[in-house]
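A.B. asks: Structure file model.txt, compact mmCIF, C-alpha atoms, is pasted below:
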```txt
# COMPACT_ATOMS: atom_id res chain seq x y z
CA MET V 1 27.63 16.32 6.72
CA VAL V 2 25.06 13.53 6.62
CA ARG V 3 22.94 13.03 9.71
CA LEU V 4 23.89 10.16 11.94
CA ASN V 5 21.60 10.22 14.95
CA GLU V 6 21.93 13.64 16.48
CA ILE V 7 19.24 16.27 16.97
CA ARG V 8 20.43 19.64 15.68
CA GLU V 9 19.67 23.19 16.74
CA GLY V 10 16.17 24.22 15.66
CA GLU V 11 14.96 20.67 15.05
CA LEU V 12 11.74 19.23 16.50
CA ALA V 13 11.35 15.63 17.66
CA VAL V 14 7.94 14.15 18.52
CA PRO V 15 7.15 11.00 20.52
CA LEU V 16 6.40 8.08 18.20
CA PRO V 17 3.17 6.08 18.63
CA ALA V 18 3.53 2.74 20.42
CA ARG V 19 1.55 0.98 17.73
CA GLN V 20 2.22 0.67 13.99
CA ASP V 21 -0.63 0.52 11.51
CA ALA V 22 0.58 -1.71 8.68
CA GLY V 23 3.48 -4.03 7.92
CA LEU V 24 5.93 -4.32 5.05
CA TYR V 25 7.67 -7.29 3.50
CA PHE V 26 11.24 -6.77 2.38
CA ILE V 27 11.17 -8.27 -1.12
CA GLY V 28 14.85 -8.00 -2.00
CA THR V 29 18.11 -6.17 -1.44
CA ILE V 30 19.71 -3.23 -3.22
CA ARG V 31 23.45 -3.41 -3.90
CA THR V 32 25.26 -0.11 -4.46
CA PRO V 33 28.88 1.08 -4.22
CA TRP V 34 28.09 3.11 -1.07
CA THR V 35 28.74 1.46 2.25
CA ASP V 36 29.03 4.63 4.29
CA ARG V 37 26.38 7.32 4.80
CA LEU V 38 29.05 9.97 4.41
CA GLU V 39 29.61 8.96 0.75
CA CYS V 40 26.08 8.28 -0.48
CA PRO V 41 24.79 10.69 -3.12
CA ARG V 42 22.06 13.07 -2.00
CA GLN V 43 20.24 12.28 -5.22
CA GLY V 44 20.79 9.49 -7.73
CA ARG V 45 21.84 10.28 -11.28
CA LEU V 46 20.84 8.37 -14.38
CA ASP V 47 24.46 8.42 -15.57
CA GLY V 48 25.74 7.15 -12.21
CA PRO V 49 27.28 3.76 -11.41
CA THR V 50 25.32 0.63 -12.28
CA CYS V 51 23.71 -0.83 -9.16
CA ARG V 52 21.98 -4.16 -8.57
CA ILE V 53 18.53 -4.95 -7.30
CA ASP V 54 18.34 -8.56 -6.09
CA VAL V 55 14.70 -9.63 -5.92
CA ALA V 56 14.15 -12.46 -3.42
CA SER V 57 11.98 -15.55 -3.91
CA PRO V 58 8.97 -15.81 -4.20
CA TRP V 59 8.68 -12.15 -5.21
CA ASP V 60 10.90 -12.67 -8.27
CA ARG V 61 7.91 -14.41 -9.88
CA GLY V 62 6.49 -10.91 -10.27
CA LEU V 63 9.27 -9.68 -12.59
CA GLU V 64 7.86 -11.04 -15.84
CA GLY V 65 7.45 -8.24 -18.36
CA ILE V 66 9.52 -5.67 -16.48
CA GLU V 67 12.17 -5.65 -19.24
CA ALA V 68 9.71 -3.70 -21.42
CA PHE V 69 10.26 -0.54 -19.34
CA GLU V 70 13.29 1.66 -19.79
CA GLN V 71 12.67 3.41 -16.49
CA LEU V 72 11.33 2.08 -13.21
CA GLU V 73 10.19 3.57 -9.94
CA VAL V 74 11.94 1.89 -7.00
CA LEU V 75 10.74 2.03 -3.38
CA TYR V 76 13.09 1.07 -0.56
CA TRP V 77 13.26 1.15 3.21
CA LEU V 78 15.79 3.53 4.72
CA ASN V 79 16.39 1.29 7.68
CA GLU V 80 19.04 3.39 9.38
CA SER V 81 16.91 6.53 9.68
CA ARG V 82 15.33 7.90 12.82
CA ARG V 83 11.61 8.62 12.35
CA ASP V 84 10.67 11.30 14.84
CA LEU V 85 12.07 14.59 13.46
CA MET V 86 9.19 16.76 12.22
CA LYS V 87 11.47 19.76 11.70
CA GLN V 88 14.98 19.33 10.36
CA SER V 89 18.02 21.45 9.65
CA PRO V 90 19.70 20.00 6.56
CA ARG V 91 22.53 22.52 6.68
CA ASN V 92 22.91 22.29 10.46
CA ASP V 93 22.81 26.08 10.64
CA GLY V 94 19.92 26.62 13.07
CA GLU V 95 17.38 26.99 10.22
CA ALA V 96 14.80 24.19 10.29
CA ARG V 97 12.04 23.12 7.88
CA GLY V 98 9.22 20.61 8.00
CA VAL V 99 10.16 17.06 7.03
CA PHE V 100 7.50 17.00 4.28
CA SER V 101 9.18 19.91 2.50
CA LEU V 102 12.41 17.86 2.31
CA ARG V 103 13.44 14.63 0.60
CA THR V 104 15.53 13.61 3.62
CA PRO V 105 15.74 9.90 4.52
CA VAL V 106 14.75 10.85 8.08
CA ARG V 107 10.91 10.71 8.00
CA PRO V 108 8.01 9.08 9.88
CA ASN V 109 7.89 6.31 7.26
CA PRO V 110 11.44 6.18 5.89
CA ILE V 111 10.60 5.14 2.34
CA GLY V 112 12.91 6.31 -0.43
CA THR V 113 11.69 6.55 -4.02
CA SER V 114 13.94 6.76 -7.08
CA ILE V 115 13.45 6.74 -10.80
CA VAL V 116 16.07 4.43 -12.32
CA ARG V 117 17.14 3.41 -15.79
CA LEU V 118 16.91 -0.33 -16.37
CA VAL V 119 20.17 -1.53 -17.94
CA LYS V 120 19.65 -5.31 -17.85
CA VAL V 121 17.50 -8.04 -16.34
CA ASP V 122 19.37 -11.18 -15.33
CA GLY V 123 16.89 -13.63 -13.77
CA PRO V 124 15.97 -12.21 -10.36
CA VAL V 125 18.63 -9.48 -10.62
CA LEU V 126 18.05 -6.05 -12.16
CA HIS V 127 20.97 -3.83 -13.17
CA VAL V 128 19.98 -0.17 -12.91
CA LYS V 129 21.34 3.37 -12.80
CA GLY V 130 20.02 6.27 -10.74
CA LEU V 131 20.00 4.94 -7.17
CA ASP V 132 21.24 6.91 -4.18
CA CYS V 133 20.94 4.49 -1.27
CA LEU V 134 23.35 2.53 0.91
CA ASP V 135 24.49 -0.95 -0.03
CA GLY V 136 22.17 -3.51 1.58
CA THR V 137 19.07 -1.31 1.59
CA PRO V 138 15.87 -3.41 1.70
CA LEU V 139 13.67 -3.28 -1.42
CA ILE V 140 9.93 -2.78 -0.97
CA ASP V 141 8.49 -2.18 -4.45
CA LEU V 142 9.18 -1.80 -8.18
CA LYS V 143 6.79 -0.18 -10.64
CA PRO V 144 7.02 1.01 -14.25
CA ASP V 145 7.80 4.75 -14.38
CA ARG V 146 4.40 6.47 -14.41
CA THR V 147 5.28 8.43 -17.55
CA LEU V 148 5.85 5.20 -19.52
CA PHE V 149 2.87 3.22 -18.27
CA ASN V 150 -0.62 3.04 -19.71
CA PRO V 151 -3.10 1.00 -17.69
CA LEU V 152 -4.04 -2.27 -19.39
CA ALA V 153 -7.31 -2.54 -17.52
CA PRO V 154 -10.31 -0.68 -18.99
CA ALA V 155 -10.83 2.92 -17.84
CA GLN V 156 -13.41 3.66 -15.16
CA ALA V 157 -15.71 6.65 -14.54
CA GLY V 158 -13.11 8.49 -12.43
CA ASP V 159 -10.66 8.55 -15.34
CA PHE V 160 -12.88 11.03 -17.15
CA GLN V 161 -13.63 13.26 -14.19
CA VAL V 162 -12.29 16.80 -14.45
CA GLY V 163 -12.30 19.40 -11.67
CA ASP V 164 -14.24 22.67 -11.96
CA GLU V 165 -11.84 24.76 -9.89
CA ALA V 166 -8.39 26.21 -10.32
CA MET T 1 -13.72 -4.21 -14.20
CA VAL T 2 -11.68 -3.45 -11.11
CA ARG T 3 -10.42 -6.39 -9.11
CA LEU T 4 -12.32 -7.18 -5.93
CA ASN T 5 -10.76 -10.28 -4.43
CA GLU T 6 -10.91 -12.94 -7.09
CA ILE T 7 -8.01 -14.82 -8.69
CA ARG T 8 -8.35 -14.75 -12.48
CA GLU T 9 -7.32 -17.18 -15.19
CA GLY T 10 -3.53 -17.13 -15.68
CA GLU T 11 -2.79 -15.40 -12.38
CA LEU T 12 -0.25 -16.67 -9.85
CA ALA T 13 -0.69 -16.40 -6.07
CA VAL T 14 2.17 -17.16 -3.64
CA PRO T 15 1.99 -17.89 0.09
CA LEU T 16 2.78 -14.77 2.13
CA PRO T 17 5.47 -14.89 4.84
CA ALA T 18 4.21 -15.19 8.40
CA ARG T 19 6.44 -12.35 9.54
CA GLN T 20 6.60 -8.74 8.38
CA ASP T 21 9.88 -6.87 8.30
CA ALA T 22 9.01 -3.25 9.09
CA GLY T 23 6.04 -1.22 10.27
CA LEU T 24 4.31 1.89 8.97
CA TYR T 25 2.54 4.71 10.76
CA PHE T 26 -0.57 6.09 9.08
CA ILE T 27 0.07 9.84 9.25
CA GLY T 28 -3.23 11.11 7.87
CA THR T 29 -6.21 10.39 5.66
CA ILE T 30 -6.89 11.13 2.00
CA ARG T 31 -10.36 12.41 1.09
CA THR T 32 -11.46 11.92 -2.53
CA PRO T 33 -14.81 11.82 -4.37
CA TRP T 34 -14.45 8.06 -4.94
CA THR T 35 -16.08 5.74 -2.44
CA ASP T 36 -16.35 2.70 -4.70
CA ARG T 37 -13.49 0.82 -6.37
CA LEU T 38 -15.57 0.55 -9.53
CA GLU T 39 -15.43 4.36 -9.99
CA CYS T 40 -11.86 5.20 -8.98
CA PRO T 41 -9.66 6.49 -11.80
CA ARG T 42 -6.91 4.14 -12.98
CA GLN T 43 -4.55 7.09 -12.95
CA GLY T 44 -4.95 10.52 -11.38
CA ARG T 45 -5.02 13.63 -13.57
CA LEU T 46 -3.65 17.04 -12.66
CA ASP T 47 -6.86 18.66 -13.95
CA GLY T 48 -9.04 16.28 -11.92
CA PRO T 49 -11.22 17.09 -8.92
CA THR T 50 -9.62 18.78 -5.92
CA CYS T 51 -9.01 16.24 -3.15
CA ARG T 52 -8.00 16.71 0.48
CA ILE T 53 -5.10 15.32 2.42
CA ASP T 54 -5.73 15.59 6.18
CA VAL T 55 -2.44 15.27 8.03
CA ALA T 56 -2.92 14.01 11.61
CA SER T 57 -1.19 15.28 14.74
CA PRO T 58 1.73 15.20 15.57
CA TRP T 59 2.79 14.67 11.95
CA ASP T 60 1.28 18.01 10.87
CA ARG T 61 4.25 19.67 12.57
CA GLY T 62 6.25 18.46 9.58
CA LEU T 63 4.29 20.53 7.02
CA GLU T 64 6.17 23.80 7.46
CA GLY T 65 7.59 24.95 4.14
CA ILE T 66 5.56 22.57 1.98
CA GLU T 67 3.64 25.49 0.40
CA ALA T 68 6.80 26.34 -1.55
CA PHE T 69 6.28 23.33 -3.85
CA GLU T 70 3.81 23.37 -6.69
CA GLN T 71 3.92 19.59 -7.01
CA LEU T 72 4.26 16.91 -4.38
CA GLU T 73 4.86 13.20 -4.34
CA VAL T 74 2.24 11.42 -2.19
CA LEU T 75 2.59 7.89 -0.80
CA TYR T 76 -0.45 6.05 0.52
CA TRP T 77 -1.47 2.61 1.72
CA LEU T 78 -3.87 0.70 -0.52
CA ASN T 79 -5.48 -1.03 2.42
CA GLU T 80 -8.09 -2.98 0.47
CA SER T 81 -5.62 -4.79 -1.78
CA ARG T 82 -4.61 -8.41 -1.60
CA ARG T 83 -0.82 -8.83 -1.57
CA ASP T 84 -0.06 -12.27 -2.94
CA LEU T 85 -0.59 -12.06 -6.72
CA MET T 86 2.80 -12.23 -8.48
CA LYS T 87 1.18 -12.55 -11.91
CA GLN T 88 -1.95 -10.62 -12.78
CA SER T 89 -4.38 -10.32 -15.64
CA PRO T 90 -5.52 -6.68 -15.76
CA ARG T 91 -7.88 -7.32 -18.66
CA ASN T 92 -9.13 -10.62 -17.24
CA ASP T 93 -8.49 -12.26 -20.61
CA GLY T 94 -6.18 -15.12 -19.61
CA GLU T 95 -3.04 -13.05 -20.36
CA ALA T 96 -1.00 -12.44 -17.19
CA ARG T 97 2.03 -10.28 -16.42
CA GLY T 98 4.32 -9.84 -13.44
CA VAL T 99 3.09 -7.45 -10.76
CA PHE T 100 6.26 -5.33 -11.04
CA SER T 101 5.50 -4.57 -14.67
CA LEU T 102 2.13 -3.11 -13.62
CA ARG T 103 1.03 -0.16 -11.50
CA THR T 104 -1.82 -2.21 -10.02
CA PRO T 105 -2.80 -1.57 -6.37
CA VAL T 106 -2.50 -5.33 -5.79
CA ARG T 107 1.17 -5.79 -4.81
CA PRO T 108 3.29 -7.32 -2.01
CA ASN T 109 3.57 -3.90 -0.37
CA PRO T 110 0.45 -2.04 -1.53
CA ILE T 111 1.90 1.46 -1.62
CA GLY T 112 0.50 3.89 -4.17
CA THR T 113 2.51 6.88 -5.34
CA SER T 114 1.08 9.94 -7.11
CA ILE T 115 2.39 13.26 -8.27
CA VAL T 116 -0.14 15.93 -7.29
CA ARG T 117 -0.53 19.65 -7.81
CA LEU T 118 -0.75 21.57 -4.53
CA VAL T 119 -3.72 23.96 -4.72
CA LYS T 120 -3.83 25.25 -1.13
CA VAL T 121 -2.51 24.59 2.36
CA ASP T 122 -5.04 25.17 5.14
CA GLY T 123 -3.39 24.30 8.47
CA PRO T 124 -3.04 20.51 8.56
CA VAL T 125 -5.13 20.10 5.38
CA LEU T 126 -3.69 20.09 1.86
CA HIS T 127 -5.93 20.62 -1.17
CA VAL T 128 -4.47 18.83 -4.19
CA LYS T 129 -5.26 17.58 -7.69
CA GLY T 130 -4.01 14.40 -9.30
CA LEU T 131 -5.00 11.65 -6.87
CA ASP T 132 -6.57 8.37 -7.91
CA CYS T 133 -7.32 6.59 -4.64
CA LEU T 134 -10.44 5.74 -2.66
CA ASP T 135 -11.85 8.10 -0.06
CA GLY T 136 -10.39 7.24 3.35
CA THR T 137 -7.06 5.92 2.05
CA PRO T 138 -4.33 6.14 4.73
CA LEU T 139 -1.49 8.58 4.04
CA ILE T 140 2.08 7.41 4.60
CA ASP T 141 4.35 10.13 3.18
CA LEU T 142 4.59 13.49 1.40
CA LYS T 143 7.71 14.74 -0.40
CA PRO T 144 8.48 17.61 -2.76
CA ASP T 145 8.34 16.42 -6.39
CA ARG T 146 11.88 15.25 -7.21
CA THR T 147 12.05 17.50 -10.28
CA LEU T 148 11.44 20.62 -8.14
CA PHE T 149 13.74 19.78 -5.24
CA ASN T 150 17.38 20.61 -4.76
CA PRO T 151 19.01 19.17 -1.65
CA LEU T 152 19.78 21.83 0.96
CA ALA T 153 22.47 19.72 2.60
CA PRO T 154 25.95 19.89 1.08
CA ALA T 155 26.75 17.38 -1.68
CA GLN T 156 28.75 14.25 -0.86
CA ALA T 157 31.27 12.19 -2.83
CA GLY T 158 28.58 9.96 -4.38
CA ASP T 159 26.89 12.96 -5.98
CA PHE T 160 29.82 13.34 -8.37
CA GLN T 161 30.21 9.66 -9.20
CA VAL T 162 29.53 8.77 -12.83
CA GLY T 163 29.30 5.22 -14.25
CA ASP T 164 31.71 3.94 -16.90
CA GLU T 165 29.25 1.62 -18.59
CA ALA T 166 26.23 2.00 -20.83
```
Just dump the structure as C-alpha cells.
C.D. replies:
Amino acid sequence: MVRLNEIREGELAVPLPARQDAGLYFIGTIRTPWTDRLECPRQGRLDGPTCRIDVASPWDRGLEGIEAFEQLEVLYWLNESRRDLMKQSPRNDGEARGVFSLRTPVRPNPIGTSIVRLVKVDGPVLHVKGLDCLDGTPLIDLKPDRTLFNPLAPAQAGDFQVGDEA
Amino acid sequence: MVRLNEIREGELAVPLPARQDAGLYFIGTIRTPWTDRLECPRQGRLDGPTCRIDVASPWDRGLEGIEAFEQLEVLYWLNESRRDLMKQSPRNDGEARGVFSLRTPVRPNPIGTSIVRLVKVDGPVLHVKGLDCLDGTPLIDLKPDRTLFNPLAPAQAGDFQVGDEA
C-alpha cells in the first residue's frame, strides 16, 4: 500500500526547521495516466505509457536543442509528500530504514528524478516514456541524460584530477 | 572559461517570477578540493579525488542503511548560479542553445545531480568519489543509484502498465 499520511510502526519523524534555505520555480506540469497514489508505478519503465511534460512560458525558451537527446533526466516536485520521516517502513512490517537508503517520495526535499526516453517534441510539450509520478506533478528541471552528454565548454583543471586512494 | 555572471553574445535572459513555488532545506554540506569555479571539473569522475558529504542533524538520522549501496545519486544546490538564462553559449562563440539541452549549473532551478561511488560512511559523514561541485555546496538529497535499487514496497498497478506506442 502506498503511504498516505500516516506514521507507521518503527518510523521516525523529526521536527522540520521553521525556515527554508532556497526556493524553487515550478517550470511546467507533468501529465501522466495516474491520478491516484494507489495506482502510480513505484518505478517508471522505458516501455511504459507515453506521458507529457508541458513546459510553461518563459521557461519553454530553454528547450531549443533538446530534441538531440534520446534520453533526458527529469526532476519534479512530489508535492503531496510529507517531509519529516527520517526512518521509514516501506513494507509497513515494523522494519524501518533511513530515508536516504530508499527512493521513496517521502523525503526532506521531495524531489523525484527519472530517466525518460524522449518520443517527440511538440513546441513546449515533450512526449516521453519512463515517468512514475502522479498527473499534475510540478516540473522543476530537465537535463540531457548524463551518459549522452559531453560538455561543450572547454575542460578545466578539475577534469583531469584523479584520486590517489581506493 | 567558466561563467561568472556575464551574459554572452547570443544568450537569452528572461525576467524571473517574483514568487517562488516551493522551498528547500539544506540538509548538509559538500566538501571538495575545488574552491574556485575556474578549477571545478565539468563532470565528476568515479576515479577522482575522495570528497566528503557532511549530513547535518537531524537529517543524519536518515542515513541508516545507506552503506548497502555502492553508488548513490546526490542532489545539491548550485548556489552561485544565475537562474535566468534560457539560452546559453557554453563556448562563448556566439552559438547558443537552450538551457535544458545542457547540463550547465546555470538553470532556473540550479540543482546539480551526480552519481557517486560510496567509499566509506563515518557517522554523519560520507566519503565519496565522482563529485564535480565547489567546496561548501549545500546538499539537498541522497538516494540509492536507481540501477541498484529495487523498491521494498509492494508493486502497484502502474508498475505493470506498458505503452502501446513507439
A.B. asks: What are the residues of chain V lining chain T at 7 Å or less? Count all atoms listed in the file, and put the answer as a VMD selection string.
C.D. replies: chain V and resid 1 14 20 to 26 38 to 43 47 to 50 58 to 59 61 to 66 86 to 87 90 to 91 97 to 103 109 140 to 144 151 to 159 161 to 163
A.B. asks: Got a sec to align chain T on chain V by every in-order Cα pair and hand back the fitted coordinates as a short mmCIF file (atom, residue, chain, number, x, y, z; two decimals) with C-alpha atoms, in the coordinates of the input?
C.D. replies:
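Writing the result to result_36.cif gives the following:
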```cif
data_model
loop_
_atom_site.label_atom_id
_atom_site.label_comp_id
_atom_site.auth_asym_id
_atom_site.auth_seq_id
_atom_site.Cartn_x
_atom_site.Cartn_y
_atom_site.Cartn_z
CA MET T 1 27.61 16.35 6.72
CA VAL T 2 25.06 13.56 6.63
CA ARG T 3 22.94 13.06 9.71
CA LEU T 4 23.92 10.18 11.96
CA ASN T 5 21.60 10.24 14.94
CA GLU T 6 21.94 13.66 16.48
CA ILE T 7 19.23 16.28 16.98
CA ARG T 8 20.43 19.66 15.69
CA GLU T 9 19.68 23.21 16.73
CA GLY T 10 16.16 24.23 15.66
CA GLU T 11 14.96 20.67 15.05
CA LEU T 12 11.75 19.25 16.50
CA ALA T 13 11.35 15.63 17.66
CA VAL T 14 7.93 14.15 18.54
CA PRO T 15 7.14 11.01 20.53
CA LEU T 16 6.40 8.08 18.21
CA PRO T 17 3.17 6.07 18.64
CA ALA T 18 3.53 2.75 20.43
CA ARG T 19 1.56 0.97 17.73
CA GLN T 20 2.23 0.66 14.01
CA ASP T 21 -0.62 0.52 11.53
CA ALA T 22 0.60 -1.72 8.70
CA GLY T 23 3.50 -4.03 7.94
CA LEU T 24 5.93 -4.30 5.05
CA TYR T 25 7.66 -7.29 3.50
CA PHE T 26 11.25 -6.77 2.38
CA ILE T 27 11.17 -8.26 -1.13
CA GLY T 28 14.85 -8.00 -2.01
CA THR T 29 18.11 -6.17 -1.43
CA ILE T 30 19.71 -3.23 -3.22
CA ARG T 31 23.45 -3.43 -3.91
CA THR T 32 25.26 -0.11 -4.46
CA PRO T 33 28.89 1.09 -4.24
CA TRP T 34 28.09 3.10 -1.09
CA THR T 35 28.73 1.46 2.25
CA ASP T 36 29.04 4.65 4.30
CA ARG T 37 26.38 7.33 4.79
CA LEU T 38 29.06 9.99 4.42
CA GLU T 39 29.61 8.97 0.76
CA CYS T 40 26.08 8.28 -0.47
CA PRO T 41 24.81 10.69 -3.12
CA ARG T 42 22.07 13.09 -2.01
CA GLN T 43 20.25 12.30 -5.23
CA GLY T 44 20.80 9.49 -7.72
CA ARG T 45 21.85 10.28 -11.29
CA LEU T 46 20.85 8.36 -14.39
CA ASP T 47 24.48 8.41 -15.58
CA GLY T 48 25.74 7.14 -12.22
CA PRO T 49 27.28 3.76 -11.42
CA THR T 50 25.32 0.63 -12.29
CA CYS T 51 23.71 -0.82 -9.16
CA ARG T 52 21.99 -4.15 -8.57
CA ILE T 53 18.54 -4.94 -7.29
CA ASP T 54 18.33 -8.57 -6.10
CA VAL T 55 14.70 -9.62 -5.92
CA ALA T 56 14.15 -12.47 -3.43
CA SER T 57 11.97 -15.54 -3.90
CA PRO T 58 8.96 -15.81 -4.20
CA TRP T 59 8.69 -12.15 -5.21
CA ASP T 60 10.90 -12.68 -8.28
CA ARG T 61 7.91 -14.41 -9.88
CA GLY T 62 6.48 -10.91 -10.27
CA LEU T 63 9.27 -9.68 -12.59
CA GLU T 64 7.86 -11.04 -15.84
CA GLY T 65 7.43 -8.24 -18.36
CA ILE T 66 9.51 -5.67 -16.47
CA GLU T 67 12.17 -5.65 -19.24
CA ALA T 68 9.70 -3.71 -21.41
CA PHE T 69 10.26 -0.55 -19.34
CA GLU T 70 13.29 1.64 -19.79
CA GLN T 71 12.68 3.40 -16.49
CA LEU T 72 11.34 2.09 -13.22
CA GLU T 73 10.18 3.56 -9.96
CA VAL T 74 11.93 1.89 -7.00
CA LEU T 75 10.74 2.03 -3.39
CA TYR T 76 13.08 1.06 -0.57
CA TRP T 77 13.25 1.13 3.21
CA LEU T 78 15.78 3.53 4.73
CA ASN T 79 16.39 1.27 7.68
CA GLU T 80 19.04 3.39 9.38
CA SER T 81 16.90 6.51 9.69
CA ARG T 82 15.33 7.89 12.82
CA ARG T 83 11.62 8.61 12.35
CA ASP T 84 10.67 11.30 14.83
CA LEU T 85 12.07 14.58 13.46
CA MET T 86 9.19 16.77 12.24
CA LYS T 87 11.47 19.76 11.71
CA GLN T 88 14.98 19.33 10.37
CA SER T 89 18.01 21.45 9.66
CA PRO T 90 19.70 19.98 6.57
CA ARG T 91 22.53 22.51 6.69
CA ASN T 92 22.90 22.29 10.46
CA ASP T 93 22.80 26.08 10.65
CA GLY T 94 19.91 26.62 13.07
CA GLU T 95 17.38 27.00 10.22
CA ALA T 96 14.79 24.19 10.29
CA ARG T 97 12.03 23.13 7.90
CA GLY T 98 9.22 20.60 8.00
CA VAL T 99 10.16 17.06 7.03
CA PHE T 100 7.50 16.99 4.28
CA SER T 101 9.18 19.88 2.51
CA LEU T 102 12.41 17.85 2.31
CA ARG T 103 13.43 14.62 0.61
CA THR T 104 15.52 13.61 3.63
CA PRO T 105 15.73 9.89 4.53
CA VAL T 106 14.73 10.85 8.09
CA ARG T 107 10.91 10.70 8.01
CA PRO T 108 8.00 9.07 9.88
CA ASN T 109 7.88 6.31 7.27
CA PRO T 110 11.43 6.17 5.89
CA ILE T 111 10.60 5.13 2.34
CA GLY T 112 12.90 6.31 -0.43
CA THR T 113 11.69 6.54 -4.02
CA SER T 114 13.94 6.75 -7.09
CA ILE T 115 13.46 6.74 -10.81
CA VAL T 116 16.08 4.43 -12.33
CA ARG T 117 17.15 3.42 -15.81
CA LEU T 118 16.91 -0.34 -16.37
CA VAL T 119 20.17 -1.54 -17.94
CA LYS T 120 19.66 -5.32 -17.85
CA VAL T 121 17.49 -8.04 -16.35
CA ASP T 122 19.38 -11.18 -15.34
CA GLY T 123 16.90 -13.63 -13.77
CA PRO T 124 15.96 -12.20 -10.37
CA VAL T 125 18.63 -9.47 -10.62
CA LEU T 126 18.05 -6.04 -12.15
CA HIS T 127 20.97 -3.83 -13.17
CA VAL T 128 19.98 -0.17 -12.91
CA LYS T 129 21.35 3.37 -12.80
CA GLY T 130 20.02 6.25 -10.75
CA LEU T 131 20.00 4.94 -7.18
CA ASP T 132 21.24 6.90 -4.19
CA CYS T 133 20.94 4.49 -1.27
CA LEU T 134 23.36 2.53 0.89
CA ASP T 135 24.48 -0.96 -0.04
CA GLY T 136 22.17 -3.51 1.59
CA THR T 137 19.06 -1.30 1.58
CA PRO T 138 15.86 -3.41 1.69
CA LEU T 139 13.66 -3.27 -1.42
CA ILE T 140 9.92 -2.78 -0.97
CA ASP T 141 8.48 -2.18 -4.46
CA LEU T 142 9.18 -1.81 -8.19
CA LYS T 143 6.78 -0.17 -10.65
CA PRO T 144 7.02 0.99 -14.26
CA ASP T 145 7.80 4.73 -14.39
CA ARG T 146 4.40 6.48 -14.42
CA THR T 147 5.28 8.43 -17.56
CA LEU T 148 5.86 5.20 -19.53
CA PHE T 149 2.86 3.23 -18.29
CA ASN T 150 -0.62 3.04 -19.70
CA PRO T 151 -3.12 1.01 -17.69
CA LEU T 152 -4.04 -2.27 -19.39
CA ALA T 153 -7.33 -2.54 -17.51
CA PRO T 154 -10.30 -0.68 -18.99
CA ALA T 155 -10.83 2.92 -17.83
CA GLN T 156 -13.42 3.68 -15.16
CA ALA T 157 -15.71 6.65 -14.53
CA GLY T 158 -13.12 8.50 -12.42
CA ASP T 159 -10.66 8.55 -15.32
CA PHE T 160 -12.88 11.03 -17.16
CA GLN T 161 -13.63 13.26 -14.19
CA VAL T 162 -12.29 16.80 -14.47
CA GLY T 163 -12.29 19.42 -11.68
CA ASP T 164 -14.20 22.70 -11.97
CA GLU T 165 -11.81 24.74 -9.88
CA ALA T 166 -8.34 26.17 -10.31
#
```
A.B. asks: Box for range 134-138 of chain T: with edges along x, y and z, all listed atoms inside and 8 Å added on each side, what are the centre and edge lengths in Å to one decimal, as AutoDock Vina command-line options?
C.D. replies:
```
--center_x -8.1 --center_y 6.9 --center_z 1.0 --size_x 23.5 --size_y 18.4 --size_z 23.4
```
A.B. asks: One decimal, in Å: what's the spacing between CA of Leu139 in chain T and CA of Arg31 in chain T?
C.D. replies: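 Here the two named atoms are 10.1 Å from each other.
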A.B. asks: Could you tell me how far CA of Val125 in chain V lies from CA of Arg82 in chain T, in Å and to one decimal?
C.D. replies: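 So the answer is 25.0 Å.
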A.B. asks: What is the distance between CA of Pro105 in chain V and CA of Asp135 in chain T, in Å to one decimal?
C.D. replies: 28.0 Å
A.B. asks: For each of V:Thr137, V:Gln71, V:Thr147, V:Ser81, take the minimum atom-to-atom distance to Thr32 in chain V, counting all atoms listed in the file, then give the residue where this is smallest.
C.D. replies: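 Among the listed residues, V:Thr137 lies closest to Thr32 in chain V.
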A.B. asks: Return the single residue from V:Asp54, V:Glu6, V:Glu70, V:Glu95 that is closest to Leu148 in chain V, with distances computed using all atoms listed in the file.
C.D. replies: V:Glu70
